[in-house]
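Student: File model25.cif follows (mmCIF, C-alpha atoms):
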data_target
#
loop_
_atom_site.label_atom_id
_atom_site.label_comp_id
_atom_site.auth_asym_id
_atom_site.auth_seq_id
_atom_site.Cartn_x
_atom_site.Cartn_y
_atom_site.Cartn_z
CA MET C 1 8.29 -52.39 -9.81
CA PRO C 2 10.60 -50.49 -7.40
CA LYS C 3 14.21 -51.62 -7.26
CA GLN C 4 15.00 -53.85 -4.30
CA GLN C 5 17.11 -52.23 -1.58
CA VAL C 6 19.65 -54.90 -0.75
CA LEU C 7 22.50 -54.98 1.73
CA ASP C 8 25.15 -56.49 -0.52
CA PRO C 9 28.53 -57.60 0.88
CA THR C 10 30.18 -56.75 -2.43
CA CYS C 11 29.03 -53.11 -2.20
CA THR C 12 30.51 -51.60 0.95
CA GLU C 13 31.55 -48.22 -0.54
CA THR C 14 28.64 -46.45 1.18
CA ALA C 15 29.43 -47.97 4.59
CA ARG C 16 28.88 -45.60 7.46
CA ALA C 17 31.42 -44.66 10.08
CA PRO C 18 31.91 -46.86 13.17
CA ASN C 19 29.22 -46.40 15.74
CA LEU C 20 29.36 -47.03 19.47
CA SER C 21 26.12 -49.01 19.46
CA GLN C 22 27.69 -51.88 17.50
CA PRO C 23 27.68 -55.25 19.29
CA VAL C 24 30.74 -55.93 21.42
CA ARG C 25 31.11 -59.61 20.57
CA LEU C 26 31.12 -60.49 16.90
CA PRO C 27 31.65 -63.84 15.17
CA ALA C 28 35.17 -64.30 13.78
CA ASN C 29 33.97 -64.33 10.15
CA VAL C 30 32.19 -60.99 10.66
CA ARG C 31 35.30 -59.41 12.26
CA LYS C 32 37.30 -60.68 9.32
CA PHE C 33 34.77 -59.21 6.86
CA GLY C 34 34.96 -55.84 8.66
CA PHE C 35 31.36 -54.67 8.25
CA ILE C 36 28.09 -55.14 10.12
CA PRO C 37 24.60 -53.88 9.24
CA ASP C 38 23.62 -50.48 10.60
CA PHE C 39 20.57 -51.22 12.78
CA GLY C 40 19.89 -47.52 13.32
CA ASP C 41 17.25 -47.33 10.56
CA TRP C 42 15.57 -50.63 11.40
CA LEU C 43 12.44 -50.89 13.53
CA HIS C 44 11.16 -53.80 15.60
CA GLY C 45 8.63 -55.75 13.56
CA ASP C 46 10.53 -55.28 10.29
CA LEU C 47 10.78 -58.27 7.96
CA LEU C 48 14.31 -59.49 7.21
CA LEU C 49 14.94 -61.54 4.07
CA PHE C 50 18.16 -63.48 3.53
CA SER C 51 19.85 -64.91 0.48
CA LYS C 52 23.18 -66.72 0.60
CA ILE C 53 25.52 -66.12 -2.31
CA SER C 54 26.83 -69.69 -2.04
CA ARG C 55 23.88 -71.83 -1.02
CA ASN C 56 23.64 -75.26 0.57
CA LEU C 57 21.43 -78.01 -0.87
CA ILE C 58 18.26 -77.01 1.00
CA GLU C 59 18.68 -73.31 0.22
CA ARG C 60 19.21 -74.13 -3.45
CA GLN C 61 16.12 -76.31 -3.47
CA ILE C 62 14.00 -73.55 -1.88
CA VAL C 63 15.16 -71.09 -4.55
CA ASN C 64 14.54 -73.64 -7.34
CA THR C 65 11.06 -74.38 -6.00
CA GLN C 66 10.16 -70.72 -5.73
CA THR C 67 11.33 -70.26 -9.32
CA SER C 68 9.24 -73.28 -10.40
CA LEU C 69 6.22 -71.74 -8.67
CA GLY C 70 6.55 -68.78 -11.03
CA HIS C 71 8.41 -66.20 -8.96
CA ALA C 72 10.75 -63.75 -10.64
CA PRO C 73 14.46 -64.51 -9.98
CA GLU C 74 14.87 -61.38 -7.83
CA ASP C 75 12.09 -62.65 -5.52
CA ALA C 76 12.89 -66.37 -5.73
CA ARG C 77 16.48 -65.83 -4.50
CA TRP C 78 15.26 -64.99 -0.94
CA HIS C 79 15.21 -68.33 0.87
CA HIS C 80 14.86 -67.26 4.50
CA ALA C 81 12.74 -64.77 6.45
CA ALA C 82 12.90 -63.47 10.04
CA VAL C 83 11.33 -60.84 12.31
CA TYR C 84 13.55 -57.99 13.54
CA ILE C 85 13.13 -57.66 17.29
CA GLY C 86 15.38 -54.66 17.98
CA ASP C 87 18.89 -54.01 19.35
CA GLY C 88 20.43 -56.14 16.61
CA PHE C 89 18.38 -59.27 17.37
CA LEU C 90 15.98 -61.28 15.21
CA CYS C 91 13.43 -64.04 15.80
CA GLU C 92 13.25 -66.82 13.21
CA ALA C 93 11.90 -70.31 12.56
CA ARG C 94 14.77 -72.61 11.56
CA PRO C 95 15.42 -76.34 11.74
CA GLY C 96 15.61 -76.84 15.49
CA GLY C 97 12.70 -74.50 16.21
CA VAL C 98 11.85 -70.84 16.67
CA ARG C 99 14.75 -68.94 18.21
CA TYR C 100 16.09 -65.50 19.04
CA ARG C 101 19.64 -64.51 18.09
CA PRO C 102 21.88 -61.66 16.91
CA VAL C 103 21.45 -60.57 13.30
CA VAL C 104 25.25 -60.51 12.90
CA GLU C 105 25.27 -64.33 13.18
CA SER C 106 23.28 -64.45 9.94
CA VAL C 107 24.92 -61.64 7.96
CA ASP C 108 28.44 -61.95 6.61
CA GLN C 109 30.41 -61.59 3.39
CA HIS C 110 28.34 -64.39 1.81
CA THR C 111 24.83 -63.09 2.52
CA LEU C 112 22.43 -60.63 0.90
CA LEU C 113 19.94 -58.99 3.25
CA ARG C 114 16.76 -57.03 2.70
CA VAL C 115 14.67 -55.10 5.26
CA ARG C 116 10.94 -54.61 4.57
CA ARG C 117 8.25 -52.78 6.53
CA SER C 118 4.53 -52.08 6.34
CA MET C 119 4.06 -48.33 6.28
CA ASP C 120 0.47 -48.86 7.49
CA THR C 121 1.58 -50.14 10.89
CA ASN C 122 2.17 -47.78 13.79
CA GLU C 123 4.75 -47.99 16.58
CA THR C 124 2.46 -50.06 18.85
CA GLU C 125 1.64 -52.55 16.10
CA ARG C 126 5.32 -52.98 15.18
CA PHE C 127 6.11 -53.61 18.83
CA ARG C 128 3.30 -56.19 18.98
CA ILE C 129 4.64 -57.95 15.85
CA ALA C 130 7.96 -58.44 17.67
CA ILE C 131 6.21 -59.63 20.86
CA HIS C 132 3.98 -62.07 18.95
CA ALA C 133 7.07 -63.54 17.25
CA LEU C 134 8.81 -63.99 20.62
CA MET C 135 5.70 -65.71 22.01
CA ARG C 136 6.55 -68.55 19.62
CA LEU C 137 10.08 -69.19 20.93
CA SER C 138 10.89 -72.91 21.08
CA ARG C 139 8.02 -73.85 18.78
CA SER C 140 9.11 -76.68 16.54
CA TYR C 141 10.08 -76.30 12.92
CA ALA C 142 7.58 -77.47 10.30
CA TYR C 143 9.76 -79.89 8.35
CA GLY C 144 6.61 -81.36 6.79
CA SER C 145 5.56 -77.99 5.39
CA VAL C 146 9.02 -77.40 3.93
CA ILE C 147 9.16 -80.80 2.23
CA GLN C 148 5.58 -80.35 1.01
CA THR C 149 6.46 -76.97 -0.52
CA LEU C 150 9.72 -78.22 -2.03
CA PHE C 151 7.95 -81.03 -3.84
CA ARG C 152 4.82 -79.06 -4.75
CA PRO C 153 5.86 -78.36 -8.33
CA PHE C 154 6.17 -82.13 -8.93
CA SER C 155 3.22 -83.65 -7.08
CA PRO C 156 0.84 -81.14 -5.54
CA SER C 157 -1.89 -83.34 -4.07
CA ARG C 158 0.11 -86.44 -3.11
CA PHE C 159 2.51 -84.61 -0.82
CA ALA C 160 -0.22 -82.42 0.60
CA LEU C 161 -1.91 -85.56 1.89
CA ALA C 162 1.18 -87.48 2.95
CA LEU C 163 2.89 -84.67 4.84
CA ARG C 164 0.21 -82.88 6.74
CA PRO C 165 2.08 -80.19 8.74
CA ARG C 166 1.99 -80.34 12.53
CA LYS C 167 -0.45 -77.76 13.79
CA ARG C 168 1.93 -75.97 16.16
CA ALA C 169 5.01 -76.09 13.94
CA LEU C 170 6.22 -73.17 11.84
CA ILE C 171 8.39 -72.28 8.89
CA CYS C 172 10.19 -68.96 8.54
CA SER C 173 7.77 -67.14 6.23
CA GLN C 174 4.72 -68.48 8.09
CA LEU C 175 6.07 -66.94 11.30
CA TYR C 176 6.12 -63.43 9.82
CA HIS C 177 2.85 -63.91 7.91
CA ASP C 178 0.98 -65.05 11.04
CA VAL C 179 2.26 -62.42 13.46
CA PHE C 180 1.55 -59.68 10.91
CA ALA C 181 -2.03 -60.93 10.40
CA GLU C 182 -2.66 -61.28 14.14
CA VAL C 183 -1.57 -57.72 14.82
CA SER C 184 -2.75 -55.81 11.73
CA GLY C 185 -5.83 -57.86 10.78
CA SER C 186 -4.67 -58.01 7.17
CA ASN C 187 -2.83 -60.59 5.09
CA LEU C 188 0.44 -60.07 3.31
CA ILE C 189 -0.42 -62.87 0.87
CA ASP C 190 -3.97 -62.41 -0.37
CA TYR C 191 -4.63 -65.54 -2.41
CA VAL C 192 -5.14 -69.04 -1.02
CA ASP C 193 -3.45 -70.67 -4.00
CA LYS C 194 -0.20 -68.85 -3.22
CA ASP C 195 2.20 -70.56 -0.84
CA ILE C 196 3.47 -68.62 2.14
CA VAL C 197 7.11 -68.61 1.07
CA PRO C 198 9.89 -65.98 1.33
CA ALA C 199 9.49 -65.09 -2.36
CA GLU C 200 5.88 -63.99 -1.72
CA LEU C 201 7.04 -61.78 1.17
CA SER C 202 9.62 -60.33 -1.20
CA ALA C 203 7.03 -59.63 -3.90
CA THR C 204 4.17 -58.24 -1.83
CA HIS C 205 3.39 -54.55 -2.39
CA LYS C 206 2.08 -54.31 1.17
CA LEU C 207 5.65 -54.03 2.42
CA GLN C 208 8.20 -51.45 1.37
CA ASP C 209 11.98 -51.71 1.42
CA VAL C 210 14.05 -49.83 3.94
CA LYS C 211 17.47 -48.93 2.56
CA PRO C 212 20.07 -50.84 4.59
CA TYR C 213 23.65 -49.67 5.18
CA TRP C 214 26.84 -51.26 6.38
CA ILE C 215 28.87 -49.95 9.30
CA ARG C 216 32.63 -50.23 8.93
CA LEU C 217 34.17 -51.83 12.01
CA SER C 218 36.80 -49.63 13.59
CA MET F 219 -27.44 -61.49 5.85
CA ALA F 220 -26.04 -57.96 6.03
CA MET F 221 -25.51 -56.19 2.71
CA ASN F 222 -21.72 -56.54 2.54
CA GLU F 223 -21.48 -59.81 4.45
CA ARG F 224 -19.47 -62.53 2.72
CA GLU F 225 -18.82 -66.17 3.45
CA GLY F 226 -15.66 -68.18 3.69
CA THR F 227 -14.44 -71.59 4.79
CA VAL F 228 -11.92 -72.02 7.60
CA ILE F 229 -8.62 -73.37 6.23
CA ARG F 230 -6.41 -72.88 9.30
CA ILE F 231 -6.57 -71.79 12.94
CA ASN F 232 -3.42 -71.22 14.95
CA ASP F 233 -2.88 -71.32 18.71
CA TYR F 234 -2.93 -67.54 18.99
CA GLY F 235 -6.51 -67.12 17.81
CA LEU F 236 -5.74 -66.37 14.17
CA CYS F 237 -8.35 -67.89 11.90
CA GLU F 238 -7.69 -68.07 8.16
CA LEU F 239 -10.53 -68.37 5.65
CA ALA F 240 -10.75 -69.08 1.96
CA ALA F 241 -13.38 -66.79 0.45
CA GLY F 242 -13.34 -67.68 -3.22
CA ASN F 243 -9.65 -67.54 -4.01
CA ARG F 244 -9.00 -64.84 -1.41
CA ARG F 245 -7.22 -65.50 1.88
CA ILE F 246 -8.99 -63.71 4.74
CA SER F 247 -7.67 -63.66 8.31
CA PHE F 248 -9.25 -62.57 11.54
CA THR F 249 -8.66 -63.03 15.23
CA LEU F 250 -11.30 -64.62 17.46
CA ASP F 251 -12.11 -61.30 19.14
CA LYS F 252 -14.03 -60.46 15.94
CA LEU F 253 -16.67 -63.03 16.91
CA PRO F 254 -19.46 -61.20 18.78
CA ASN F 255 -19.63 -62.15 22.46
CA TYR F 256 -16.43 -64.20 22.28
CA ARG F 257 -15.25 -64.80 25.85
CA GLY F 258 -12.28 -67.11 25.41
CA GLU F 259 -14.23 -70.30 24.80
CA PRO F 260 -12.35 -73.29 23.30
CA LEU F 261 -12.65 -73.62 19.53
CA ARG F 262 -14.72 -76.81 19.88
CA GLY F 263 -17.31 -74.89 21.88
CA LEU F 264 -17.55 -72.30 19.11
CA GLY F 265 -17.93 -74.98 16.47
CA LEU F 266 -14.92 -73.50 14.73
CA ARG F 267 -12.54 -75.84 12.97
CA VAL F 268 -11.09 -76.43 9.51
CA GLY F 269 -13.99 -76.68 7.07
CA THR F 270 -16.42 -74.57 9.09
CA LYS F 271 -18.31 -71.90 7.17
CA VAL F 272 -17.96 -68.37 8.52
CA ALA F 273 -19.78 -65.17 7.51
CA PHE F 274 -17.83 -61.96 7.85
CA THR F 275 -17.92 -58.26 7.11
CA SER F 276 -14.79 -56.35 6.22
CA ASP F 277 -13.66 -52.77 5.72
CA LEU F 278 -12.37 -51.22 2.52
CA LYS F 279 -8.86 -52.53 3.22
CA GLY F 280 -10.18 -56.08 3.54
CA ARG F 281 -9.77 -56.25 7.31
CA VAL F 282 -12.49 -58.27 9.01
CA LYS F 283 -14.75 -56.15 11.21
CA SER F 284 -16.95 -58.95 12.52
CA ALA F 285 -17.41 -62.65 11.92
CA ARG F 286 -19.95 -65.28 12.86
CA VAL F 287 -19.81 -69.05 12.66
CA LEU F 288 -22.33 -70.66 10.31
CA HIS F 289 -23.51 -74.24 10.67
CA ALA F 290 -21.86 -74.49 14.08
CA GLU F 291 -24.00 -77.48 15.01
CA ALA F 292 -22.99 -79.43 11.90
CA ALA F 293 -19.32 -78.58 12.31
CA SER F 294 -19.13 -79.64 15.96
CA SER F 295 -21.03 -82.92 15.55
#
Written as structure tokens, how would this file's structure read?
Tutor:
Amino acid sequence: MPKQQVLDPTCTETARAPNLSQPVRLPANVRKFGFIPDFGDWLHGDLLLFSKISRNLIERQIVNTQTSLGHAPEDARWHHAAVYIGDGFLCEARPGGVRYRPVVESVDQHTLLRVRRSMDTNETERFRIAIHALMRLSRSYAYGSVIQTLFRPFSPSRFALALRPRKRALICSQLYHDVFAEVSGSNLIDYVDKDIVPAELSATHKLQDVKPYWIRLS
Amino acid sequence: MAMNEREGTVIRINDYGLCELAAGNRRISFTLDKLPNYRGEPLRGLGLRVGTKVAFTSDLKGRVKSARVLHAEAASS
């Protein structure tokens, strides 16, 4: 299995020189950290995976559940997924709904980041992946699906019945899975018994890692 | 039935015309434009909903080339 290409805040030795295309307004914690991701190698439609180094309760539970479902630790650690839109912005499903915001709000000295891409998609398809994600802005967040997945290792059928997800609601990995299938006609997760969770998007061989770099703030 | 036609059961349809099937243990997805003569009809009119049987043909990469609804009358009743 190829080694994961991770943007790690503890490894900034290979950071690139300051670049004029960096965002003008940065959150205080990012300015204090002194590095931002280099978006130059990223393409719209790329998958972004996030893993906090110090996780909150929900993030810990997602990682624990993914581990319980049999994922390797290097895949189970990714607890959030988003679609890269371009110009340093992403589209994601979070509690509160689907939204569009700068990547730098999600990447700081406490976050690992991974960028993945299907090499079978062309420029038009990648553009359409970004557009299809933006078409879902303001859609509600599928709390039911999250709770159902979190408790799946303990009681598979009971929670599936009790917490039927709302049809129009989304979770982060479902957002990327759906827009990719709509545009490319193929699934990233081939088996129906596998949950659509960030760990599956990390493990799939249909996506390849793009090596991410930091930019040192001037 | 065409030689490489397979069958699956609808497990999910989203608002953007993505239909997900279970064919054995495989997850198969297609968009409604793969239904011959589809002209934007509502799903109810097509008889397409969770549980509906669908026959489909796919290419070597597993992408659906065409799909047709089976037992539409039973599913819509």
Student: Closest to chain F among C:Leu113, C:Ala203, C:Val210, C:Leu175, using only C-alpha atoms?
Tutor: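 Ranked by minimum distance to chain F, first place goes to C:Leu175.
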Student: Please indicate the distance in Å from CA of Asp193 in chain C to CA of Thr249 in chain F, rounded to one decimal place.
Tutor: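 If I compute the distance from CA of Asp193 in chain C to CA of Thr249 in chain F, I get 21.3 Å.
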Student: Find the distance between CA of Arg244 in chain F and CA of Ala142 in chain C and write it in Å to one decimal.
Tutor: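 Distance between the two atoms: 23.9 Å.
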Student: Of the residues F:Ala273, F:Lys283, F:Asn232, F:Pro260, which is the one nearest to Gln174 in chain C, using only C-alpha atoms?
Tutor: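 Going through F:Ala273, F:Lys283, F:Asn232, F:Pro260 one by one, the smallest distance to Gln174 in chain C is for F:Asn232.
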Student: Here's the selection I'm unsure about, the PyMOL selection byres ((chain F) within 12 of (chain C)); applied to the file above, which residues does it give, as a ChimeraX atom specification?
Tutor: /F:226-252,268,276-284
Student: So which residues get picked by the PyMOL selection byres ((chain C and resi 104) around 10) here, written as a PyMOL selection string?
Tutor: chain C and resi 23+25-27+29-30+35-37+88-90+101-103+105-108
Student: Evaluate the PyMOL selection byres ((chain C and resi 50-63) around 10) on the structure here and hand back the selected residues as a compact mmCIF listing (two decimals) with C-alpha atoms, keeping the file's coordinate frame.
Tutor:
# COMPACT_ATOMS: atom_id res chain seq x y z
CA VAL C 6 19.65 -54.90 -0.75
CA LEU C 7 22.50 -54.98 1.73
CA ASP C 8 25.15 -56.49 -0.52
CA PRO C 9 28.53 -57.60 0.88
CA LEU C 48 14.31 -59.49 7.21
CA LEU C 49 14.94 -61.54 4.07
CA ASN C 64 14.54 -73.64 -7.34
CA THR C 65 11.06 -74.38 -6.00
CA GLN C 66 10.16 -70.72 -5.73
CA THR C 67 11.33 -70.26 -9.32
CA SER C 68 9.24 -73.28 -10.40
CA LEU C 69 6.22 -71.74 -8.67
CA HIS C 71 8.41 -66.20 -8.96
CA PRO C 73 14.46 -64.51 -9.98
CA ASP C 75 12.09 -62.65 -5.52
CA ALA C 76 12.89 -66.37 -5.73
CA ARG C 77 16.48 -65.83 -4.50
CA TRP C 78 15.26 -64.99 -0.94
CA HIS C 79 15.21 -68.33 0.87
CA HIS C 80 14.86 -67.26 4.50
CA ALA C 81 12.74 -64.77 6.45
CA ALA C 82 12.90 -63.47 10.04
CA SER C 106 23.28 -64.45 9.94
CA VAL C 107 24.92 -61.64 7.96
CA ASP C 108 28.44 -61.95 6.61
CA GLN C 109 30.41 -61.59 3.39
CA HIS C 110 28.34 -64.39 1.81
CA THR C 111 24.83 -63.09 2.52
CA LEU C 112 22.43 -60.63 0.90
CA LEU C 113 19.94 -58.99 3.25
CA ARG C 114 16.76 -57.03 2.70
CA VAL C 115 14.67 -55.10 5.26
CA VAL C 146 9.02 -77.40 3.93
CA ILE C 147 9.16 -80.80 2.23
CA THR C 149 6.46 -76.97 -0.52
CA LEU C 150 9.72 -78.22 -2.03
CA PHE C 151 7.95 -81.03 -3.84
CA VAL C 197 7.11 -68.61 1.07
CA PRO C 198 9.89 -65.98 1.33
CA ALA C 199 9.49 -65.09 -2.36
Student: Once 6 Å is added on each side, what are the centre and the three edge lengths, in Å to one decimal, of the axis-aligned box enclosing the listed atoms of range 264-274 of chain F? Present them as lines of an AutoDock Vina configuration file.
Tutor:
center_x = -15.4
center_y = -69.3
center_z = 13.1
size_x = 20.7
size_y = 26.7
size_z = 24.0
Student: To one decimal place, how far is CA of Arg139 in chain C from CA of Gly97 in chain C in Å?
Tutor: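 Value for the CA of Arg139 in chain C-CA of Gly97 in chain C distance: 5.4 Å.
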Student: I need the residue nearest Arg286 in chain F from this list: F:Glu259, F:Leu253, F:Glu223, F:Leu266. Use all atoms listed in the file for the distance.
Tutor: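 When distances to Arg286 in chain F are compared using all atoms listed in the file, the smallest one comes from F:Leu253.
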